[in-house]
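Text of the file my_file.cif, holding mmCIF, C-alpha atoms:
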data_protein
loop_
_atom_site.label_atom_id
_atom_site.label_comp_id
_atom_site.auth_asym_id
_atom_site.auth_seq_id
_atom_site.Cartn_x
_atom_site.Cartn_y
_atom_site.Cartn_z
CA MET A 1 -14.75 -45.53 -72.88
CA ALA A 2 -12.99 -42.29 -72.04
CA GLN A 3 -11.05 -43.99 -69.24
CA THR A 4 -9.61 -46.75 -71.44
CA GLY A 5 -8.66 -44.11 -74.03
CA PHE A 6 -6.78 -42.15 -71.38
CA GLY A 7 -5.09 -45.31 -70.07
CA ARG A 8 -3.88 -46.21 -73.57
CA ARG A 9 -2.50 -42.73 -74.21
CA TYR A 10 -0.71 -42.82 -70.87
CA PHE A 11 0.72 -46.25 -71.66
CA LYS A 12 1.94 -45.11 -75.07
CA ALA A 13 3.55 -42.01 -73.59
CA PHE A 14 5.22 -44.10 -70.91
CA VAL A 15 6.60 -46.62 -73.40
CA SER A 16 7.93 -43.97 -75.78
CA GLY A 17 9.46 -42.06 -72.85
CA PHE A 18 11.00 -45.29 -71.58
CA PHE A 19 12.59 -46.01 -74.93
CA VAL A 20 14.11 -42.55 -74.96
CA ALA A 21 15.24 -42.29 -71.35
CA VAL A 22 16.81 -45.70 -70.84
CA PRO A 23 19.14 -45.82 -73.89
CA VAL A 24 20.20 -42.20 -73.36
CA THR A 25 20.96 -42.79 -69.68
CA VAL A 26 22.84 -46.01 -70.42
CA THR A 27 24.86 -44.31 -73.17
CA VAL A 28 25.73 -41.37 -70.95
CA LEU A 29 26.86 -43.71 -68.15
CA ASP A 30 28.93 -45.77 -70.59
CA ARG A 31 30.51 -43.01 -72.62
CA LEU A 32 30.45 -39.70 -70.77
CA ALA A 33 30.39 -39.79 -67.01
CA TYR A 34 29.77 -42.21 -64.20
CA VAL A 35 29.11 -41.52 -60.54
CA ALA A 36 30.45 -43.94 -57.96
CA ARG A 37 30.84 -44.17 -54.22
CA VAL A 38 34.31 -44.91 -52.92
CA GLU A 39 34.49 -47.70 -50.36
CA GLY A 40 37.48 -48.71 -48.33
CA ALA A 41 40.55 -46.99 -47.01
CA SER A 42 43.05 -47.73 -49.73
CA MET A 43 43.13 -44.17 -51.06
CA GLN A 44 43.39 -42.31 -47.77
CA PRO A 45 43.96 -39.42 -47.26
CA SER A 46 43.00 -38.32 -50.78
CA LEU A 47 39.64 -40.13 -50.84
CA ASN A 48 37.54 -41.27 -47.86
CA PRO A 49 39.63 -39.61 -45.17
CA ASP A 50 36.92 -40.27 -42.57
CA GLY A 51 36.63 -43.94 -43.39
CA GLY A 52 33.18 -45.48 -43.42
CA SER A 53 31.30 -42.63 -41.72
CA SER A 54 30.72 -40.60 -44.87
CA PRO A 55 32.16 -42.22 -48.00
CA ASP A 56 33.16 -39.92 -50.85
CA VAL A 57 31.21 -39.95 -54.09
CA VAL A 58 33.34 -39.23 -57.15
CA LEU A 59 32.54 -38.27 -60.71
CA LEU A 60 34.33 -40.55 -63.18
CA ASN A 61 35.04 -39.05 -66.56
CA ARG A 62 34.71 -41.82 -69.15
CA TRP A 63 35.06 -39.57 -72.19
CA SER A 64 38.65 -38.63 -71.37
CA VAL A 65 39.79 -42.26 -71.27
CA ARG A 66 38.09 -43.30 -74.50
CA ASN A 67 41.49 -43.33 -76.24
CA TYR A 68 43.24 -44.75 -73.19
CA GLN A 69 45.12 -41.50 -72.57
CA VAL A 70 46.11 -41.81 -68.94
CA HIS A 71 48.85 -39.82 -67.20
CA ARG A 72 50.92 -40.38 -64.10
CA GLY A 73 49.19 -39.14 -60.99
CA ASP A 74 45.64 -39.58 -62.28
CA ILE A 75 43.18 -41.34 -60.04
CA VAL A 76 41.49 -43.94 -62.23
CA SER A 77 38.89 -46.61 -61.77
CA VAL A 78 39.77 -49.95 -63.32
CA LEU A 79 37.95 -53.27 -63.59
CA SER A 80 39.59 -55.55 -61.06
CA PRO A 81 41.80 -58.21 -62.65
CA LYS A 82 40.75 -60.60 -59.90
CA ASP A 83 37.00 -60.02 -60.12
CA PRO A 84 35.56 -58.75 -63.41
CA GLN A 85 32.42 -57.37 -61.77
CA GLN A 86 34.24 -55.16 -59.29
CA LYS A 87 35.84 -51.80 -59.93
CA ILE A 88 38.79 -50.52 -57.96
CA ILE A 89 39.94 -46.91 -57.75
CA LYS A 90 43.64 -46.20 -57.47
CA ARG A 91 46.31 -43.73 -58.54
CA VAL A 92 48.44 -44.25 -61.64
CA ILE A 93 52.08 -44.40 -60.56
CA GLY A 94 53.67 -45.63 -63.78
CA ILE A 95 52.74 -45.84 -67.44
CA GLU A 96 54.17 -48.11 -70.12
CA GLY A 97 57.93 -48.12 -70.25
CA ASP A 98 58.45 -46.79 -66.72
CA PHE A 99 60.89 -48.46 -64.38
CA ILE A 100 59.29 -48.74 -60.95
CA LYS A 101 60.57 -49.70 -57.52
CA THR A 102 57.78 -51.80 -56.04
CA LEU A 103 56.50 -52.06 -52.48
CA GLY A 104 56.02 -55.71 -51.70
CA TYR A 105 55.71 -57.15 -55.19
CA LYS A 106 57.46 -60.39 -56.09
CA ASN A 107 60.10 -58.44 -58.06
CA ARG A 108 61.89 -55.50 -56.48
CA TYR A 109 62.10 -53.54 -59.75
CA VAL A 110 59.58 -53.75 -62.57
CA ARG A 111 59.48 -52.32 -66.05
CA VAL A 112 55.86 -51.61 -66.87
CA PRO A 113 55.07 -53.52 -70.11
CA ASP A 114 53.55 -51.90 -73.21
CA GLY A 115 49.86 -51.22 -72.91
CA HIS A 116 49.92 -51.60 -69.11
CA LEU A 117 49.77 -49.36 -66.04
CA TRP A 118 51.13 -49.53 -62.52
CA ILE A 119 48.47 -48.42 -60.05
CA GLU A 120 48.77 -47.97 -56.31
CA GLY A 121 46.54 -46.82 -53.51
CA ASP A 122 47.74 -43.85 -51.47
CA HIS A 123 47.43 -45.82 -48.24
CA HIS A 124 50.30 -48.26 -48.73
CA GLY A 125 49.86 -51.54 -46.93
CA HIS A 126 46.05 -51.27 -46.88
CA SER A 127 45.67 -51.38 -50.60
CA PHE A 128 44.88 -54.12 -53.10
CA ASP A 129 46.83 -52.77 -56.06
CA SER A 130 49.62 -53.50 -58.51
CA ASN A 131 51.91 -54.47 -55.63
CA THR A 132 49.65 -57.52 -55.30
CA PHE A 133 48.60 -58.37 -58.84
CA GLY A 134 51.21 -56.65 -60.98
CA PRO A 135 50.74 -54.26 -63.91
CA VAL A 136 47.18 -53.90 -65.20
CA SER A 137 46.25 -53.74 -68.86
CA LEU A 138 45.08 -50.38 -70.23
CA GLY A 139 41.98 -52.12 -71.59
CA LEU A 140 40.72 -52.49 -68.02
CA VAL A 141 40.63 -48.74 -67.37
CA HIS A 142 37.06 -47.65 -66.72
CA GLY A 143 37.25 -43.91 -66.04
CA ARG A 144 39.26 -41.07 -64.55
CA ALA A 145 38.10 -39.56 -61.26
CA SER A 146 37.83 -35.86 -61.93
CA HIS A 147 35.77 -34.42 -59.05
CA ILE A 148 34.58 -35.33 -55.59
CA ILE A 149 30.90 -34.42 -55.56
CA TRP A 150 29.69 -35.62 -52.13
CA PRO A 151 29.75 -34.72 -49.26
CA PRO A 152 29.33 -31.05 -50.14
CA SER A 153 32.07 -30.07 -47.70
CA ARG A 154 34.50 -32.03 -49.85
CA TRP A 155 33.53 -30.59 -53.25
CA GLN A 156 36.78 -30.31 -55.15
CA ARG A 157 38.52 -31.04 -58.38
CA ILE A 158 40.94 -33.95 -58.13
CA GLU A 159 44.39 -32.86 -59.25
CA PRO A 160 46.79 -35.44 -60.67
CA SER A 161 49.86 -35.76 -58.47
CA VAL A 162 52.36 -38.51 -57.91
CA PRO A 163 53.74 -38.78 -54.35
CA PRO A 164 57.41 -37.74 -54.63
CA GLU A 165 58.72 -40.96 -53.09
CA ARG A 166 56.77 -43.03 -55.67
CA ARG A 167 58.02 -41.41 -58.85
CA PRO A 168 59.36 -43.83 -61.44
CA LEU A 169 63.11 -44.22 -61.55
CA LEU A 170 63.33 -43.69 -65.26
CA ASN A 171 61.20 -44.09 -68.35
CA TRP A 172 61.90 -45.65 -71.68
CA GLU A 173 63.35 -42.47 -73.12
CA GLY A 174 66.19 -42.83 -70.67
CA ALA A 175 65.71 -39.53 -68.80
CA THR A 176 65.65 -39.80 -64.99
CA GLU A 177 62.45 -38.74 -63.29
CA ASP A 178 63.53 -38.12 -59.72
CA GLY A 179 64.85 -34.60 -59.73
CA TYR A 180 67.04 -32.73 -62.13
CA ASP A 181 70.74 -33.14 -61.50
CA ASP A 182 73.29 -30.73 -62.87
CA MET B 183 7.05 -11.60 -89.73
CA LYS B 184 7.05 -14.40 -92.21
CA THR B 185 10.83 -14.90 -91.97
CA GLY B 186 10.47 -15.09 -88.18
CA ARG B 187 8.00 -17.90 -88.54
CA MET B 188 10.24 -19.64 -91.10
CA PHE B 189 13.21 -19.43 -88.76
CA ARG B 190 11.18 -20.84 -85.94
CA GLY B 191 9.99 -23.72 -88.11
CA PHE B 192 13.53 -24.39 -89.28
CA PHE B 193 14.80 -24.23 -85.70
CA VAL B 194 12.16 -26.67 -84.50
CA LYS B 195 12.96 -29.05 -87.34
CA THR B 196 16.68 -28.95 -86.54
CA ILE B 197 16.08 -29.57 -82.87
CA SER B 198 13.83 -32.53 -83.57
CA PHE B 199 16.34 -33.93 -86.08
CA VAL B 200 19.13 -33.68 -83.52
CA GLY B 201 16.88 -35.22 -80.90
CA TYR B 202 16.04 -38.21 -83.10
CA THR B 203 19.71 -38.68 -84.04
CA VAL B 204 20.75 -38.69 -80.39
CA GLN B 205 17.97 -41.11 -79.50
CA TYR B 206 18.74 -43.58 -82.29
CA GLY B 207 22.45 -43.24 -81.67
CA CYS B 208 21.92 -44.18 -78.04
CA ILE B 209 19.73 -47.13 -79.00
CA ALA B 210 22.44 -48.26 -81.43
CA HIS B 211 25.09 -47.93 -78.72
CA CYS B 212 22.99 -50.04 -76.35
CA ALA B 213 22.46 -52.68 -79.04
CA PHE B 214 26.17 -52.95 -79.89
CA GLU B 215 27.22 -52.85 -76.27
CA TYR B 216 24.71 -55.21 -74.68
CA ILE B 217 23.37 -57.42 -77.48
CA GLY B 218 26.01 -58.04 -80.14
CA GLU B 219 28.03 -56.72 -83.03
CA PHE B 220 29.54 -57.83 -86.32
CA VAL B 221 33.30 -58.20 -86.38
CA SER B 222 35.64 -58.75 -89.30
CA CYS B 223 38.50 -61.05 -88.36
CA SER B 224 41.93 -60.92 -89.91
CA GLY B 225 44.91 -63.15 -89.43
CA PRO B 226 45.59 -66.87 -89.57
CA SER B 227 45.54 -67.67 -85.86
CA MET B 228 42.08 -69.23 -85.82
CA GLU B 229 42.27 -71.35 -88.95
CA PRO B 230 40.50 -73.46 -90.02
CA THR B 231 37.59 -72.35 -87.83
CA ILE B 232 37.79 -68.67 -88.78
CA THR B 233 39.84 -67.66 -91.80
CA ASN B 234 41.24 -64.31 -92.82
CA HIS B 235 38.60 -61.66 -93.65
CA ASP B 236 35.74 -63.66 -92.19
CA VAL B 237 32.79 -61.74 -90.77
CA VAL B 238 31.46 -63.08 -87.48
CA PHE B 239 28.75 -62.02 -85.08
CA SER B 240 29.82 -61.76 -81.47
CA GLU B 241 27.17 -61.56 -78.79
CA ARG B 242 27.73 -59.58 -75.62
CA VAL B 243 25.11 -61.15 -73.38
CA SER B 244 27.30 -64.07 -72.20
CA ARG B 245 30.10 -61.76 -71.22
CA HIS B 246 27.89 -59.49 -69.13
CA LEU B 247 26.25 -62.45 -67.42
CA CYS B 248 29.68 -64.09 -66.88
CA ARG B 249 28.64 -67.18 -68.82
CA ILE B 250 31.71 -67.62 -71.00
CA GLN B 251 32.64 -71.29 -70.98
CA LYS B 252 35.60 -73.42 -71.94
CA GLY B 253 35.65 -73.97 -75.68
CA ASP B 254 34.00 -70.66 -76.58
CA ILE B 255 35.57 -68.45 -79.21
CA VAL B 256 35.79 -64.95 -77.80
CA ILE B 257 36.72 -61.49 -79.00
CA ALA B 258 38.86 -59.71 -76.41
CA LYS B 259 40.87 -56.50 -76.15
CA SER B 260 44.54 -57.16 -76.66
CA PRO B 261 46.41 -56.96 -73.35
CA PHE B 262 49.24 -55.03 -74.97
CA ASP B 263 47.23 -52.65 -77.15
CA PRO B 264 43.74 -51.84 -75.92
CA LYS B 265 42.69 -50.47 -79.30
CA MET B 266 43.26 -53.84 -80.97
CA ASN B 267 41.04 -56.86 -80.58
CA ILE B 268 42.05 -60.50 -80.61
CA CYS B 269 39.89 -63.49 -81.50
CA LYS B 270 40.84 -66.69 -79.68
CA ARG B 271 39.34 -69.76 -78.08
CA VAL B 272 38.99 -70.11 -74.31
CA ILE B 273 41.04 -73.11 -73.25
CA GLY B 274 40.84 -72.66 -69.48
CA LEU B 275 38.80 -70.69 -66.98
CA GLU B 276 39.97 -69.54 -63.54
CA GLY B 277 41.33 -72.40 -61.48
CA ASP B 278 41.89 -74.71 -64.45
CA LYS B 279 45.18 -76.43 -65.10
CA VAL B 280 46.53 -75.68 -68.59
CA CYS B 281 49.48 -77.12 -70.45
CA THR B 282 52.08 -74.52 -71.34
CA SER B 283 54.67 -76.67 -73.04
CA GLY B 284 54.62 -77.37 -76.77
CA PRO B 285 53.80 -80.73 -78.35
CA SER B 286 57.46 -81.38 -79.08
CA ASP B 287 58.71 -80.78 -75.54
CA VAL B 288 59.76 -83.81 -73.52
CA PHE B 289 58.84 -82.41 -70.11
CA LYS B 290 55.33 -81.07 -69.91
CA THR B 291 54.82 -77.95 -67.85
CA HIS B 292 51.50 -76.87 -66.44
CA THR B 293 50.17 -73.76 -64.83
CA TYR B 294 46.96 -72.85 -63.07
CA VAL B 295 44.85 -70.02 -64.45
CA PRO B 296 44.59 -67.33 -61.71
CA ARG B 297 41.30 -65.97 -60.37
CA GLY B 298 39.52 -63.59 -62.70
CA HIS B 299 41.57 -64.67 -65.75
CA VAL B 300 41.15 -66.95 -68.76
CA TRP B 301 43.61 -68.83 -70.93
CA LEU B 302 43.20 -68.11 -74.63
CA GLU B 303 44.70 -70.02 -77.55
CA GLY B 304 44.17 -69.82 -81.27
CA ASP B 305 43.09 -72.91 -83.18
CA ASN B 306 46.09 -72.62 -85.49
CA LEU B 307 48.60 -73.38 -82.76
CA ARG B 308 51.65 -73.06 -84.99
CA ASN B 309 50.74 -69.55 -86.09
CA SER B 310 49.16 -67.86 -83.11
CA THR B 311 50.43 -65.54 -80.37
CA ASP B 312 48.17 -66.14 -77.44
CA SER B 313 48.28 -66.96 -73.75
CA ARG B 314 51.20 -69.29 -74.38
CA SER B 315 53.35 -66.21 -74.97
CA TYR B 316 51.69 -63.48 -72.90
CA GLY B 317 50.07 -65.40 -70.10
CA PRO B 318 46.51 -65.51 -68.83
CA VAL B 319 44.19 -62.69 -69.88
CA PRO B 320 41.88 -60.92 -67.38
CA TYR B 321 38.24 -61.88 -67.91
CA ALA B 322 37.22 -58.22 -67.98
CA LEU B 323 39.10 -57.74 -71.27
CA ILE B 324 36.72 -60.11 -73.05
CA ARG B 325 34.24 -58.23 -75.23
CA GLY B 326 31.97 -60.93 -76.61
CA ARG B 327 31.50 -64.52 -77.64
CA VAL B 328 31.50 -65.46 -81.31
CA CYS B 329 28.34 -67.38 -82.10
CA LEU B 330 27.70 -66.99 -85.82
CA LYS B 331 30.00 -67.00 -88.81
CA ARG B 332 29.18 -65.89 -92.33
CA LYS B 333 29.53 -68.86 -94.64
CA LYS B 334 31.11 -68.39 -98.02
CA ASN B 335 29.90 -70.55 -100.86
CA GLY B 336 33.28 -71.24 -102.42
CA LEU B 337 32.83 -74.71 -103.87
CA THR B 338 30.76 -73.76 -106.87
CA GLY B 339 32.46 -70.39 -107.19
CA ARG B 340 29.10 -68.67 -106.82
CA THR B 341 28.40 -66.43 -103.85
CA SER B 342 24.79 -66.65 -102.72
CA SER B 343 22.78 -63.49 -103.01
CA LYS B 344 21.94 -63.58 -99.31
CA PRO B 345 24.74 -64.37 -96.86
CA VAL B 346 24.31 -67.71 -95.13
CA TRP B 347 25.03 -67.85 -91.43
CA THR B 348 26.24 -70.93 -89.63
CA THR B 349 26.26 -71.49 -85.94
CA SER B 350 29.68 -71.45 -84.42
CA PRO B 351 31.74 -74.54 -85.13
CA LYS B 352 32.42 -74.43 -81.41
CA MET B 353 29.06 -76.10 -80.83
CA LYS B 354 29.99 -79.28 -82.67
CA CYS B 355 33.57 -79.11 -81.53
CA TYR B 356 32.64 -78.80 -77.89
CA HIS B 357 30.41 -81.83 -77.85
CA ALA B 358 32.94 -83.93 -79.70
CA GLY B 359 35.75 -82.63 -77.57
CA ARG B 360 34.06 -82.79 -74.20
CA PRO B 361 35.32 -86.20 -73.14
CA THR B 362 38.82 -85.29 -74.26
CA PHE B 363 38.87 -82.28 -71.96
CA SER B 364 38.60 -84.36 -68.83
CA LEU B 365 40.88 -86.98 -70.35
CA GLU B 366 43.42 -84.30 -71.18
CA ILE B 367 43.76 -83.06 -67.65
CA ILE B 368 44.24 -86.52 -66.23
CA LEU B 369 46.47 -88.00 -68.92
CA ASN B 370 48.41 -84.80 -69.71
CA HIS B 371 47.43 -84.69 -73.38
CA THR B 372 48.54 -81.55 -75.13
CA GLN B 373 46.09 -79.06 -76.63
CA THR B 374 46.95 -80.07 -80.20
CA LEU B 375 45.73 -83.58 -79.69
CA SER B 376 42.38 -82.56 -78.27
CA TYR B 377 41.71 -79.97 -80.97
CA SER B 378 42.91 -82.02 -83.89
CA SER B 379 40.31 -84.57 -82.88
CA CYS B 380 37.73 -81.76 -82.82
CA ILE B 381 38.69 -80.56 -86.26
CA ARG B 382 38.53 -84.05 -87.69
CA SER B 383 35.01 -84.44 -86.42
CA LEU B 384 33.93 -81.25 -88.23
CA LYS B 385 35.01 -82.62 -91.61
#
What does the file become when written as structure tokens?
Amino acid sequence: MAQTGFGRRYFKAFVSGFFVAVPVTVTVLDRLAYVARVEGASMQPSLNPDGGSSPDVVLLNRWSVRNYQVHRGDIVSVLSPKDPQQKIIKRVIGIEGDFIKTLGYKNRYVRVPDGHLWIEGDHHGHSFDSNTFGPVSLGLVHGRASHIIWPPSRWQRIEPSVPPERRPLLNWEGATEDGYDD
Amino acid sequence: MKTGRMFRGFFVKTISFVGYTVQYGCIAHCAFEYIGEFVSCSGPSMEPTITNHDVVFSERVSRHLCRIQKGDIVIAKSPFDPKMNICKRVIGLEGDKVCTSGPSDVFKTHTYVPRGHVWLEGDNLRNSTDSRSYGPVPYALIRGRVCLKRKKNGLTGRTSSKPVWTTSPKMKCYHAGRPTFSLEIILNHTQTLSYSSCIRSLK
């Protein structure tokens, strides 16, 4: 008698805990932050500089991209336009309106359309990015990589920075981006 | 002493209130994100299937399980403005051949839908900006599949006290239109022909 009573109480506690923990965890992963392991060499040397031996684990901030506010130089994770169940992590090189010189795309110069981004991996030539599939829609952005959290020797905050040779030529306001000329 | 106890009781009540709000908010988020949500559609691009100011229920399960099929009506994020949603019908999945020329063109042009993309068109072809103008849409932009539509009782002028829900017209349309899909690809029929036959079968 006492044993079945205890079993029932345990079961009730488990079920009520389950209904609290699972929705809260899912909501946090969907809205606040996501943790993901980076695979591949397309973002070397910023991410995964050692290759497959110890892949970096990054913290993706999903709250900061809830209004699709992305800036040049951010490392973002996007849903792959070629495979909806895969996420790719690349750097934002151009935002809407920017005029970009491409590396191996079908057009030499591209104006990034409204509501789209131009993303590139830091390791040119080993990267499946906008130079292959063109500008990606902002709606595909999943999160912004803010910190590297594993391995502990690589704990750091990821700073947004565009490689100087990849800056856009000009943006829609007409001001040139590559250096200030007198 | 007594005020201390009151404060503690008040504090405990506030904490439990916040806790319940967070818990039910998370359950609501999971329901809207993984089960389905109600959407109010505006615009004429899906007439006569969905008219302006119609309320539809779009379920999210098919999208997460990658079971969106040709002929489904889907809600997707607009490729040019991620804060806006578009409601269109899936005409072609990845690898399909779709007709990009209009019904009045002499030479018919076709294109293949790339991997990971879908071709969307509104039912009201004359009044719809869709994949014919902006190209194929990535599958990952799809949010959900419309399965129920709120029916308005307009004939007698009397709205029923409880809203009546009909299953998506897509169900009937798809079965009626199924043979014309395969016929269309072989004989190069345009989209208008196949869907006008669908719409006639609904009436």
### Query
Once you count all atoms listed in the file, which residues of chain A turn out to be within 10 Å of chain B? Could you give them as number ranges by chain?
A: 19-28, 30-31, 66-68, 78-86, 96, 113-116, 136-141
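Taking CA of Asp122 in chain A as the reference point, CA of Ala41 in chain A is found at 9.0 Å.
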### Message
Expand the PyMOL selection byres ((chain B and resi 217) around 6) into the explicit residue set it covers here, and present it as a VMD selection string.
### Response
chain B and resid 213 to 214 216 218 241 to 243
### Query
When the PyMOL selection byres ((chain A and resi 46-62) around 10) is applied to the file above, which residues end up in the set, as a VMD selection string?
chain A and resid 28 to 45 63 to 68 75 to 77 89 to 90 121 to 123 141 to 152 154 to 158
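In this model, the gap between CA of Cys269 in chain B and CA of Cys329 in chain B comes to 12.2 Å.
Using only C-alpha atoms, the smallest distance between any of B:Val238, B:Asn309, B:Gly317, B:Ser198 and Cys281 in chain B comes from B:Gly317.
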Using 5 Å of padding on each side, determine the axis-aligned box around all atoms of range 301-311 of chain B present in the file and give its centre and edge lengths in Å to one decimal, as JSON.
{"center_x": 47.4, "center_y": -69.5, "center_z": -78.5, "size_x": 18.6, "size_y": 17.8, "size_z": 25.2}
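Here CA of Phe220 in chain B stands at a distance of 9.5 Å from CA of Lys331 in chain B.
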At a cut-off of 6 Å, using only C-alpha atoms, what residues contact range 251-257 of chain B? Leave out same-chain residues fewer than 3 positions from it and give the result as a CSV table (one decimal) with C-alpha atoms, keeping the file's coordinate frame.
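Final file, selection_36.csv:
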chain,number,residue,atom,x,y,z
B,268,ILE,CA,42.0,-60.5,-80.6
B,269,CYS,CA,39.9,-63.5,-81.5
B,270,LYS,CA,40.8,-66.7,-79.7
B,271,ARG,CA,39.3,-69.8,-78.1
B,272,VAL,CA,39.0,-70.1,-74.3
B,273,ILE,CA,41.0,-73.1,-73.2
B,274,GLY,CA,40.8,-72.7,-69.5
B,325,ARG,CA,34.2,-58.2,-75.2
B,326,GLY,CA,32.0,-60.9,-76.6
B,327,ARG,CA,31.5,-64.5,-77.6
B,328,VAL,CA,31.5,-65.5,-81.3
